[in-house]
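Colleague: Below you'll find coords.txt; it's compact mmCIF, C-alpha atoms.
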# COMPACT_ATOMS: atom_id res chain seq x y z
CA MET H 1 -16.11 12.74 19.18
CA PRO H 2 -19.69 11.60 18.62
CA GLY H 3 -20.42 15.32 18.19
CA ASP H 4 -18.43 15.31 14.94
CA ARG H 5 -21.23 13.40 13.31
CA GLU H 6 -23.91 15.90 14.34
CA GLN H 7 -21.84 18.85 13.08
CA SER H 8 -22.11 17.65 9.48
CA SER H 9 -25.15 18.90 7.57
CA LEU H 10 -24.82 16.09 5.01
CA PRO H 11 -27.28 13.17 5.16
CA ARG H 12 -25.97 9.93 6.67
CA TYR H 13 -25.60 6.79 4.61
CA ASP H 14 -28.40 4.25 4.46
CA GLN H 15 -26.87 1.33 6.44
CA GLN H 16 -28.63 -1.42 4.49
CA ARG H 17 -27.61 -0.05 1.10
CA ARG H 18 -24.12 0.65 2.42
CA VAL H 19 -23.47 -3.01 3.30
CA VAL H 20 -24.67 -4.18 -0.14
CA SER H 21 -22.60 -1.53 -1.94
CA ARG H 22 -19.50 -2.36 0.13
CA GLY H 23 -19.85 -6.04 -0.71
CA ARG H 24 -20.22 -5.27 -4.44
CA ARG H 25 -17.24 -2.94 -4.54
CA SER H 26 -14.96 -5.26 -2.59
CA ALA H 27 -15.90 -8.11 -4.99
CA ALA H 28 -15.01 -5.87 -7.96
CA LEU H 29 -11.64 -4.96 -6.37
CA ALA H 30 -10.89 -8.63 -5.65
CA ALA H 31 -11.72 -9.52 -9.28
CA LEU H 32 -9.37 -6.75 -10.46
CA SER H 33 -6.56 -8.01 -8.22
CA TRP H 34 -6.91 -11.64 -9.38
CA SER H 35 -7.15 -10.54 -13.04
CA ALA H 36 -3.83 -8.69 -12.65
CA MET H 37 -2.29 -11.79 -11.11
CA VAL H 38 -3.52 -14.10 -13.89
CA LEU H 39 -2.25 -11.64 -16.53
CA SER H 40 1.17 -11.45 -14.83
CA ALA H 41 1.38 -15.23 -14.63
CA THR H 42 0.41 -15.56 -18.31
CA GLY H 43 2.87 -12.86 -19.31
CA SER H 44 5.70 -14.42 -17.31
CA LEU H 45 5.03 -17.87 -18.80
CA LEU H 46 4.95 -16.41 -22.30
CA LEU H 47 8.22 -14.58 -21.66
CA LEU H 48 9.84 -17.78 -20.47
CA GLY H 49 8.04 -19.97 -23.03
CA GLY H 50 9.73 -23.20 -24.00
CA GLY H 51 12.42 -22.91 -21.33
CA THR H 52 14.10 -20.06 -23.16
CA ALA H 53 16.04 -17.80 -20.83
CA VAL H 54 15.11 -14.10 -20.97
CA GLN H 55 17.82 -11.51 -20.70
CA ILE H 56 17.46 -8.68 -18.21
CA ASP H 57 19.25 -5.78 -19.74
CA PRO H 58 20.01 -3.23 -16.97
CA ALA H 59 20.64 -0.59 -19.63
CA ASN H 60 17.29 -1.13 -21.35
CA PRO H 61 14.79 -2.79 -19.02
CA GLY H 62 11.63 -1.21 -20.50
CA PHE H 63 8.74 -2.98 -22.15
CA LYS H 64 9.29 -4.60 -25.53
CA PRO H 65 6.52 -5.28 -28.05
CA THR H 66 5.86 -9.01 -27.46
CA LEU H 67 2.71 -10.71 -26.14
CA GLY H 68 4.39 -11.63 -22.81
CA TYR H 69 5.51 -8.07 -22.15
CA PHE H 70 2.06 -6.83 -23.18
CA CYS H 71 0.32 -9.10 -20.61
CA VAL H 72 2.61 -7.93 -17.78
CA ALA H 73 2.15 -4.31 -18.92
CA VAL H 74 -1.66 -4.64 -18.77
CA ALA H 75 -1.40 -6.28 -15.31
CA LEU H 76 0.79 -3.43 -14.10
CA VAL H 77 -1.60 -0.84 -15.57
CA LEU H 78 -4.50 -2.52 -13.73
CA VAL H 79 -2.57 -2.43 -10.44
CA ALA H 80 -1.12 1.06 -10.80
CA SER H 81 -4.25 2.74 -12.18
CA THR H 82 -6.54 1.69 -9.31
CA PRO H 83 -5.21 4.44 -7.00
CA LEU H 84 -5.94 6.85 -9.86
CA VAL H 85 -9.43 5.62 -10.76
CA ARG H 86 -10.72 5.14 -7.19
CA PRO H 87 -10.13 8.75 -6.01
CA LEU H 88 -11.74 9.93 -9.26
CA ALA H 89 -14.85 7.81 -8.64
CA LEU H 90 -14.94 8.87 -4.97
CA GLY H 91 -14.48 12.53 -5.91
CA LEU H 92 -17.40 12.42 -8.35
CA ARG H 93 -19.59 10.60 -5.82
CA TRP H 94 -18.80 13.10 -3.06
CA LEU H 95 -19.36 15.98 -5.49
CA ARG H 96 -22.88 14.68 -6.15
CA MET H 97 -23.46 14.34 -2.38
CA GLY H 98 -22.33 17.92 -1.77
CA ASP H 99 -19.26 16.80 0.19
CA TYR H 100 -17.14 19.40 -1.64
CA ARG H 101 -14.00 19.52 0.56
CA PHE H 102 -13.34 15.82 0.21
CA ALA H 103 -14.34 15.82 -3.46
CA ALA H 104 -11.67 18.50 -4.05
CA ALA H 105 -9.06 16.42 -2.16
CA ALA H 106 -9.92 13.32 -4.22
CA ILE H 107 -9.65 15.24 -7.51
CA GLY H 108 -6.34 16.65 -6.18
CA VAL H 109 -4.96 13.12 -5.79
CA VAL H 110 -5.90 12.36 -9.42
CA ALA H 111 -4.27 15.62 -10.58
CA VAL H 112 -0.99 14.83 -8.76
CA MET H 113 -0.88 11.31 -10.23
CA LEU H 114 -1.54 12.64 -13.72
CA LEU H 115 1.17 15.30 -13.27
CA ALA H 116 3.61 12.58 -12.20
CA ALA H 117 2.74 10.67 -15.38
CA ILE H 118 3.16 13.74 -17.62
CA LEU H 119 6.14 15.62 -16.11
CA LYS H 120 9.59 14.37 -16.97
CA MET K 1 21.22 -11.69 -12.37
CA THR K 2 21.11 -10.81 -16.05
CA GLU K 3 19.32 -13.93 -17.24
CA MET K 4 15.88 -15.15 -16.21
CA THR K 5 15.16 -18.89 -16.37
CA ILE K 6 12.16 -20.96 -15.29
CA LEU K 7 13.93 -21.70 -12.00
CA SER K 8 14.72 -18.07 -11.23
CA ALA K 9 11.12 -17.12 -12.13
CA ILE K 10 9.85 -19.71 -9.62
CA ALA K 11 12.31 -18.32 -7.03
CA LEU K 12 10.94 -14.81 -7.69
CA VAL K 13 7.34 -16.02 -7.25
CA CYS K 14 8.44 -17.52 -3.89
CA VAL K 15 10.08 -14.21 -2.86
CA GLY K 16 6.83 -12.44 -3.78
CA ILE K 17 4.76 -14.94 -1.75
CA GLY K 18 7.08 -14.60 1.27
CA ALA K 19 7.12 -10.80 1.14
CA GLY K 20 3.36 -10.60 0.51
CA MET K 21 2.66 -12.91 3.47
CA LEU K 22 5.04 -11.08 5.81
CA GLY K 23 3.61 -7.76 4.65
CA ALA K 24 0.03 -8.86 5.30
CA ILE K 25 0.89 -10.44 8.69
CA PHE K 26 2.89 -7.43 9.90
CA GLY K 27 0.60 -4.82 8.29
CA LEU K 28 3.34 -3.49 5.97
CA GLY K 29 3.55 -3.39 2.17
CA GLY K 30 6.18 -6.14 2.04
CA GLY K 31 8.54 -4.01 -0.05
CA VAL K 32 10.99 -3.75 2.84
CA PHE K 33 11.70 -7.47 2.26
CA ILE K 34 11.58 -7.51 -1.57
CA THR K 35 14.19 -4.83 -2.40
CA PRO K 36 16.95 -6.45 -0.24
CA ALA K 37 16.02 -9.94 -1.53
CA LEU K 38 16.33 -8.79 -5.15
CA VAL K 39 19.57 -6.87 -4.56
CA PHE K 40 21.42 -9.29 -2.26
CA ILE K 41 20.07 -12.73 -3.34
CA PHE K 42 19.34 -12.21 -7.04
CA HIS K 43 21.99 -9.49 -7.59
CA VAL K 44 19.49 -7.28 -9.44
CA PRO K 45 20.71 -3.66 -9.89
CA VAL K 46 19.14 -1.34 -7.28
CA HIS K 47 17.53 0.91 -9.92
CA LEU K 48 15.56 -2.11 -11.24
CA ALA K 49 14.87 -3.69 -7.83
CA VAL K 50 13.15 -0.61 -6.36
CA PRO K 51 10.42 -0.25 -9.07
CA ALA K 52 9.84 -4.04 -9.07
CA SER K 53 9.33 -3.85 -5.32
CA LEU K 54 6.94 -0.90 -5.69
CA GLY K 55 4.92 -2.93 -8.22
CA CYS K 56 4.56 -5.68 -5.61
CA VAL K 57 3.56 -3.18 -2.93
CA ALA K 58 0.84 -1.81 -5.24
CA ALA K 59 -0.34 -5.35 -6.08
CA GLY K 60 -0.31 -6.36 -2.39
CA ALA K 61 -2.28 -3.24 -1.45
CA LEU K 62 -4.86 -4.00 -4.15
CA ALA K 63 -5.13 -7.62 -2.95
CA ALA K 64 -5.60 -6.55 0.70
CA THR K 65 -8.12 -3.76 -0.06
CA PRO K 66 -11.32 -5.89 -0.50
CA ARG K 67 -10.94 -7.48 2.97
CA HIS K 68 -10.48 -4.12 4.74
CA PHE K 69 -13.12 -2.40 2.61
CA LYS K 70 -15.74 -5.07 3.29
CA SER K 71 -15.09 -4.96 7.06
CA GLY K 72 -15.84 -1.21 7.03
CA THR K 73 -12.60 -0.28 8.82
CA MET K 74 -11.11 1.54 5.80
CA ASN K 75 -12.08 5.22 6.01
CA LEU K 76 -12.03 6.53 2.44
CA ARG K 77 -12.09 10.25 3.37
CA ILE K 78 -9.07 9.91 5.65
CA GLY K 79 -7.45 7.76 2.95
CA VAL K 80 -7.96 10.45 0.32
CA ILE K 81 -6.60 13.26 2.52
CA LEU K 82 -3.46 11.23 3.31
CA SER K 83 -3.19 10.06 -0.31
CA LEU K 84 -2.88 13.69 -1.42
CA GLY K 85 0.34 13.95 0.60
CA ALA K 86 1.42 10.39 -0.28
CA ALA K 87 1.00 11.00 -4.05
CA ILE K 88 3.15 14.16 -3.91
CA GLY K 89 5.77 12.41 -1.74
CA GLY K 90 5.67 9.22 -3.80
CA ALA K 91 6.23 11.07 -7.09
CA ALA K 92 8.99 13.24 -5.55
CA GLY K 93 10.62 10.10 -4.13
CA GLY K 94 10.58 8.53 -7.58
CA TYR K 95 12.52 11.48 -9.03
CA VAL K 96 14.99 11.50 -6.10
CA GLY K 97 15.45 7.72 -6.20
CA ASP K 98 16.20 7.88 -9.91
CA ALA K 99 18.77 10.63 -9.39
CA ILE K 100 20.77 9.35 -6.39
CA SER K 101 23.36 6.55 -6.33
CA PRO K 102 22.41 2.89 -5.61
CA ARG K 103 24.48 3.10 -2.41
CA ALA K 104 22.41 6.06 -1.17
CA VAL K 105 19.20 4.11 -1.95
CA LEU K 106 20.48 1.22 0.18
CA PHE K 107 21.25 3.60 3.06
CA VAL K 108 17.68 4.99 2.82
CA LEU K 109 16.34 1.41 2.84
CA SER K 110 18.49 0.52 5.84
CA GLY K 111 17.26 3.65 7.64
CA ALA K 112 13.63 2.83 6.75
CA ALA K 113 13.98 -0.70 8.19
CA ALA K 114 15.62 0.66 11.38
CA LEU K 115 12.94 3.36 11.73
CA THR K 116 10.18 0.73 11.37
CA ALA K 117 11.80 -1.43 14.06
CA VAL K 118 12.17 1.52 16.46
CA ILE K 119 8.62 2.83 15.88
CA SER K 120 7.19 -0.69 16.30
CA ALA K 121 9.09 -1.16 19.57
CA LEU K 122 8.19 2.23 21.06
CA ALA K 123 4.64 2.97 19.86
CA PRO K 124 2.22 2.29 22.73
CA GLU K 125 -0.82 0.05 22.29
CA PRO K 126 -3.93 2.25 22.04
CA HIS K 127 -7.17 1.74 23.95
CA GLU K 128 -10.47 1.27 22.16
CA VAL K 129 -13.28 3.25 23.82
CA THR K 130 -16.90 2.24 23.31
CA TYR K 131 -19.79 4.75 23.61
CA ALA K 132 -23.15 3.50 24.84
CA SER K 133 -24.97 5.77 22.35
CA PHE K 134 -23.33 3.90 19.44
CA ALA K 135 -24.37 0.41 20.61
CA GLY K 136 -25.70 -1.69 17.75
CA GLU K 137 -24.45 0.62 14.98
CA GLY K 138 -22.68 -1.04 12.08
CA PRO K 139 -19.41 0.18 10.57
CA ASP K 140 -19.98 3.55 8.94
CA GLN K 141 -18.29 6.70 7.69
CA TRP K 142 -19.82 10.06 8.47
CA PRO K 143 -20.19 12.19 5.31
CA GLY K 144 -18.53 15.61 5.56
CA THR K 145 -16.26 14.54 8.45
CA LEU K 146 -13.10 12.52 9.08
CA GLY K 147 -14.94 10.28 11.49
CA GLY K 148 -16.97 7.10 11.61
CA THR K 149 -17.63 3.93 13.55
CA TYR K 150 -16.29 0.41 13.31
CA SER K 151 -17.45 -2.82 14.89
CA THR K 152 -15.63 -5.06 17.38
CA GLU K 153 -16.70 -8.00 19.49
CA ASP K 154 -17.49 -5.51 22.29
CA GLY K 155 -19.68 -3.23 20.19
CA SER K 156 -19.36 -0.20 17.90
CA ILE K 157 -16.50 2.21 18.43
CA PRO K 158 -16.72 5.78 17.13
CA TYR K 159 -13.58 7.67 16.05
CA ALA K 160 -12.65 11.01 14.55
CA ALA K 161 -9.28 11.92 13.03
CA LYS K 162 -7.35 14.83 14.54
CA ARG K 163 -4.73 17.00 12.77
CA PRO K 164 -5.39 15.82 9.18
CA LEU K 165 -2.96 18.33 7.63
CA VAL K 166 -0.08 17.18 9.85
CA GLY K 167 -1.04 13.61 8.94
CA ALA K 168 -0.95 14.46 5.21
CA ALA K 169 2.48 16.11 5.60
CA ILE K 170 3.87 13.02 7.37
CA ALA K 171 2.26 10.81 4.67
CA ALA K 172 4.15 12.89 2.07
CA LEU K 173 7.44 12.23 3.89
CA ALA K 174 6.59 8.52 4.20
CA GLY K 175 5.70 8.45 0.50
CA CYS K 176 9.00 10.05 -0.45
CA ILE K 177 11.10 7.64 1.64
CA GLY K 178 8.95 4.71 0.52
CA SER K 179 9.34 5.57 -3.14
CA ILE K 180 13.12 6.00 -2.90
CA ALA K 181 13.60 2.68 -1.09
CA GLY K 182 10.88 0.68 -2.87
CA VAL K 183 8.76 0.26 0.28
CA GLY K 184 5.21 1.51 0.73
CA GLY K 185 5.58 3.84 3.69
CA GLY K 186 3.07 1.98 5.86
CA PHE K 187 5.76 1.73 8.56
CA ILE K 188 5.38 5.48 9.14
CA ASN K 189 1.71 5.90 8.19
CA VAL K 190 0.21 3.37 10.62
CA PRO K 191 1.98 4.71 13.76
CA GLN K 192 1.40 8.35 12.73
CA MET K 193 -2.32 7.71 12.21
CA ARG K 194 -2.46 6.15 15.66
CA LEU K 195 -0.28 8.64 17.54
CA VAL K 196 -0.81 11.94 15.66
CA MET K 197 -4.28 11.54 14.16
CA LYS K 198 -5.55 9.52 17.17
CA LEU K 199 -7.15 6.79 15.07
CA PRO K 200 -7.80 3.25 16.31
CA THR K 201 -5.26 0.65 15.13
CA ARG K 202 -7.73 -1.26 12.93
CA VAL K 203 -8.81 1.90 11.10
CA ALA K 204 -5.17 3.04 10.78
CA ALA K 205 -4.01 -0.32 9.37
CA ALA K 206 -6.91 -0.56 6.90
CA THR K 207 -6.67 3.06 5.73
CA SER K 208 -2.89 2.69 5.38
CA VAL K 209 -3.53 0.05 2.68
CA PHE K 210 -5.40 2.70 0.65
CA VAL K 211 -2.50 5.17 1.06
CA LEU K 212 0.09 2.46 0.30
CA GLY K 213 -1.42 1.88 -3.14
CA THR K 214 -1.21 5.60 -3.96
CA THR K 215 2.42 5.92 -2.82
CA ALA K 216 3.53 2.84 -4.77
CA SER K 217 1.65 3.83 -7.92
CA ALA K 218 2.96 7.42 -7.92
CA GLY K 219 6.54 6.16 -7.57
CA LEU K 220 5.99 3.41 -10.12
CA ILE K 221 4.70 5.89 -12.72
CA VAL K 222 7.86 8.02 -12.34
CA TYR K 223 10.19 4.98 -12.51
CA TYR K 224 8.30 3.66 -15.55
CA ARG K 225 8.81 6.96 -17.35
CA ALA K 226 12.51 6.73 -16.50
CA GLY K 227 12.54 3.25 -18.17
CA ASN K 228 13.42 1.39 -14.95
CA VAL K 229 10.51 -1.08 -14.82
CA SER K 230 11.58 -4.58 -15.88
CA PRO K 231 8.54 -6.75 -16.75
CA VAL K 232 10.68 -9.88 -16.48
CA LEU K 233 11.14 -9.11 -12.78
CA VAL K 234 7.73 -7.58 -12.09
CA GLY K 235 5.65 -10.43 -13.64
CA PRO K 236 6.63 -13.30 -11.29
CA LEU K 237 6.89 -10.99 -8.25
CA LEU K 238 3.40 -9.62 -8.86
CA VAL K 239 1.98 -13.17 -8.99
CA GLY K 240 3.75 -14.09 -5.74
CA SER K 241 2.86 -10.95 -3.81
CA THR K 242 -0.87 -11.22 -4.70
CA LEU K 243 -0.94 -14.87 -3.55
CA GLY K 244 1.14 -14.04 -0.46
CA ALA K 245 -1.02 -11.07 0.55
CA ALA K 246 -4.19 -13.16 0.26
CA THR K 247 -2.69 -16.05 2.28
CA GLY K 248 -1.08 -13.79 4.89
CA GLY K 249 -4.35 -11.92 5.42
CA ALA K 250 -6.14 -15.20 6.04
CA ILE K 251 -3.65 -16.57 8.61
CA SER K 252 -2.67 -13.34 10.40
CA GLY K 253 -5.65 -13.52 12.78
CA ARG K 254 -4.55 -16.97 14.02
CA LEU K 255 -1.04 -15.92 15.08
CA ARG K 256 -0.11 -14.57 18.51
CA ALA K 257 0.07 -10.76 18.33
CA ASP K 258 3.00 -10.40 20.77
CA TRP K 259 5.09 -12.96 18.84
CA ILE K 260 4.37 -11.19 15.55
CA HIS K 261 5.32 -7.86 17.15
CA TRP K 262 8.74 -8.98 18.41
CA LEU K 263 9.48 -11.13 15.36
CA LEU K 264 8.93 -8.06 13.16
CA ILE K 265 11.22 -5.91 15.29
CA THR K 266 14.01 -8.54 15.28
CA LEU K 267 13.67 -9.17 11.54
CA LEU K 268 13.75 -5.48 10.66
CA ALA K 269 16.66 -4.68 12.98
CA ALA K 270 18.72 -7.52 11.44
CA LEU K 271 17.73 -6.42 7.92
CA SER K 272 18.68 -2.82 8.66
CA VAL K 273 22.14 -3.80 9.94
CA TYR K 274 22.72 -6.17 6.98
CA ILE K 275 21.69 -3.63 4.32
CA GLY K 276 23.55 -0.79 6.04
CA TRP K 277 26.73 -2.86 6.36
CA ASN K 278 26.61 -3.96 2.72
CA ALA K 279 25.98 -0.39 1.54
CA TYR K 280 28.90 0.84 3.69
CA ALA K 281 31.22 -1.93 2.47
CA GLY K 282 30.24 -1.01 -1.11
Please re-express this file's structure in structure tokens.
Modeller:
Amino acid sequence: MPGDREQSSLPRYDQQRRVVSRGRRSAALAALSWSAMVLSATGSLLLLGGGTAVQIDPANPGFKPTLGYFCVAVALVLVASTPLVRPLALGLRWLRMGDYRFAAAAIGVVAVMLLAAILK
Amino acid sequence: MTEMTILSAIALVCVGIGAGMLGAIFGLGGGVFITPALVFIFHVPVHLAVPASLGCVAAGALAATPRHFKSGTMNLRIGVILSLGAAIGGAAGGYVGDAISPRAVLFVLSGAAALTAVISALAPEPHEVTYASFAGEGPDQWPGTLGGTYSTEDGSIPYAAKRPLVGAAIAALAGCIGSIAGVGGGFINVPQMRLVMKLPTRVAAATSVFVLGTTASAGLIVYYRAGNVSPVLVGPLLVGSTLGAATGGAISGRLRADWIHWLLITLLAALSVYIGWNAYAG
């Protein structure tokens, strides 16, 4: 098992920089998560504004062009696009490092997600 | 429920908090609790409940990611390899879930809950092995490999994933089932990473969060294109599940592991029987 590390010809990460970078990225992800939550809360309050009941129409549940729906839509885009953007960023980073196999896998994830969004 | 009022929105936020907390405590996405709650308590049609639940799973995964990422237990390379399978399975599950009857979806959900209970009861506890040569090393991933190290109170523990292609294939199956039933698929991914890929539990649980987000998003995209995403439902649930996941993550370390284990098994077994019976009775 420790031998796996020696088999790789790629340079190892700088531990000090790694800790700083991990802290920065996790803070960015946390900010993204809380932004989505605040947007959802705002959207929900706008939808229910003034105590008005909102109809859920099972035949036509999609988004409608109001500010409340827009806020929830943006929140949902933030949440659902993270698994699309992160593999893309990782793929590009690994490509620069020369870690081609994993870069290809990461780009593959992005391609599948995009296909799912395009294909009907 | 065809009408949403302030009270029902508050009730939905509470459902989201409960599911997010349970999901974070038990290491699942929480969707296994949201879909039945929406269908049986709020009487939401199944084809609207499943995407709403997937939205919460994606939000919960995003909320739990910073904690796992910062601790260095989330292996991004393993996550990406499994996500490739999970994205294909998640998208396929979205198409299947949209095509089959609500009753069939409930049977899949009942089966998923039963499978989670059985796997949780039978999967053996793994042993963490320390290597003297890794003493003092911080959590790390090894570029070009599916291995790395993570830190415990006893020192640094190295690991390397075995059988990644089998793991990706199982992640695809988990993604498909998860997307049909509105659950993340973590109930299959965590045990398979431990038993098939021979990964330590902490790495498996953390990396599963990465995969969970991919599965839920792939399914959500397909359901959105089919016009089955109701923002009125998703908004309050998303708020609740983010709060619940953050709270559950903070308190999970203080609870007794054996109690959590058996509580999860009991809860899931009861849920499976209840959903299955209701689906059978029509």
Colleague: Here is a test: counting all atoms listed in the file, which residue of K:Gly31, K:Pro139, K:Pro231, K:Gly20 is nearest to Tyr69 (chain H)?
Modeller: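 Nearest candidate to Tyr69 (chain H) out of K:Gly31, K:Pro139, K:Pro231, K:Gly20: K:Pro231.
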Colleague: In Å, with one decimal, what is the gap from CA of Gly276 (chain K) to CA of Ile180 (chain K)?
Modeller: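 We find that CA of Gly276 (chain K) and CA of Ile180 (chain K) lie 15.3 Å from each other.
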Colleague: CA of Leu238 (chain K) and CA of Trp34 (chain H), how far apart in Å?
Modeller: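 If I compute the distance from CA of Trp34 (chain H) to CA of Leu238 (chain K), I get 10.5 Å.
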Colleague: Show me, as a PyMOL selection string, the residues of chain K whose atoms get within 7 Å of chain H, using only C-alpha atoms for the distance check.
Modeller: chain K and resi 2-6+58-59+62-63+66+69-70+77+80-81+83-84+87-88+91+142-145+158-160+213-214+217-218+221-222+227-232+235-236+238-239+242
Colleague: List the neighbours of Asp258 (chain K) out to 12 Å using all atoms listed in the file; skip same-chain residues closer than 2 positions along the sequence, and give me the result as a ChimeraX atom specification.
Modeller: /K:26,120-121,125,255-256,260-265
Colleague: In Å, with one decimal, what is the gap from CA of Ala89 (chain H) to CA of Gly55 (chain K)?
Modeller: 22.5 Å
Colleague: Neighbours of Ala181 (chain K) within 12 Å (only C-alpha atoms; same-chain residues fewer than 4 positions away dropped), as a ChimeraX atom specification?
Modeller: /K:30-36,39,46-54,57,90,93-98,100-113,174-177,185,215-216,219-220,275
Colleague: I need the residue nearest Arg67 (chain K) from this list: K:Leu173, K:Met193, K:Ala24, K:Leu199. Use only C-alpha atoms for the distance.
Modeller: K:Ala24
Colleague: Taking (-13.2, -3.7, 6.8) as a centre in this file's frame and 12 Å as the limit, can you find every polymer residue with an atom that close, using all atoms listed in the file, and give them as a VMD selection string?
Modeller: (chain H and resid 19 22 to 23 26) or (chain K and resid 64 to 76 138 to 141 149 to 152 202 to 207 209 to 210)
Colleague: I need the residues from that last selection saved to file as a PDB file, keeping the file's coordinate frame (with C-alpha atoms), if you can.
Modeller:
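out.pdb, freshly written:
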ATOM      1  CA  VAL H  19     -23.470  -3.010   3.300  1.00  0.00           C
ATOM      2  CA  ARG H  22     -19.500  -2.360   0.130  1.00  0.00           C
ATOM      3  CA  GLY H  23     -19.850  -6.040  -0.710  1.00  0.00           C
ATOM      4  CA  SER H  26     -14.960  -5.260  -2.590  1.00  0.00           C
TER       5      SER H  26
ATOM      6  CA  ALA K  64      -5.600  -6.550   0.700  1.00  0.00           C
ATOM      7  CA  THR K  65      -8.120  -3.760  -0.060  1.00  0.00           C
ATOM      8  CA  PRO K  66     -11.320  -5.890  -0.500  1.00  0.00           C
ATOM      9  CA  ARG K  67     -10.940  -7.480   2.970  1.00  0.00           C
ATOM     10  CA  HIS K  68     -10.480  -4.120   4.740  1.00  0.00           C
ATOM     11  CA  PHE K  69     -13.120  -2.400   2.610  1.00  0.00           C
ATOM     12  CA  LYS K  70     -15.740  -5.070   3.290  1.00  0.00           C
ATOM     13  CA  SER K  71     -15.090  -4.960   7.060  1.00  0.00           C
ATOM     14  CA  GLY K  72     -15.840  -1.210   7.030  1.00  0.00           C
ATOM     15  CA  THR K  73     -12.600  -0.280   8.820  1.00  0.00           C
ATOM     16  CA  MET K  74     -11.110   1.540   5.800  1.00  0.00           C
ATOM     17  CA  ASN K  75     -12.080   5.220   6.010  1.00  0.00           C
ATOM     18  CA  LEU K  76     -12.030   6.530   2.440  1.00  0.00           C
ATOM     19  CA  GLY K 138     -22.680  -1.040  12.080  1.00  0.00           C
ATOM     20  CA  PRO K 139     -19.410   0.180  10.570  1.00  0.00           C
ATOM     21  CA  ASP K 140     -19.980   3.550   8.940  1.00  0.00           C
ATOM     22  CA  GLN K 141     -18.290   6.700   7.690  1.00  0.00           C
ATOM     23  CA  THR K 149     -17.630   3.930  13.550  1.00  0.00           C
ATOM     24  CA  TYR K 150     -16.290   0.410  13.310  1.00  0.00           C
ATOM     25  CA  SER K 151     -17.450  -2.820  14.890  1.00  0.00           C
ATOM     26  CA  THR K 152     -15.630  -5.060  17.380  1.00  0.00           C
ATOM     27  CA  ARG K 202      -7.730  -1.260  12.930  1.00  0.00           C
ATOM     28  CA  VAL K 203      -8.810   1.900  11.100  1.00  0.00           C
ATOM     29  CA  ALA K 204      -5.170   3.040  10.780  1.00  0.00           C
ATOM     30  CA  ALA K 205      -4.010  -0.320   9.370  1.00  0.00           C
ATOM     31  CA  ALA K 206      -6.910  -0.560   6.900  1.00  0.00           C
ATOM     32  CA  THR K 207      -6.670   3.060   5.730  1.00  0.00           C
ATOM     33  CA  VAL K 209      -3.530   0.050   2.680  1.00  0.00           C
ATOM     34  CA  PHE K 210      -5.400   2.700   0.650  1.00  0.00           C
TER      35      PHE K 210
END
Colleague: Let me have the centre and edge lengths in Å, one decimal, of the box along x, y and z around every listed atom of region 54-58 of chain H with 8 Å of margin on each side, as JSON.
Modeller:
{"center_x": 17.6, "center_y": -8.7, "center_z": -19.0, "size_x": 20.9, "size_y": 26.9, "size_z": 20.0}
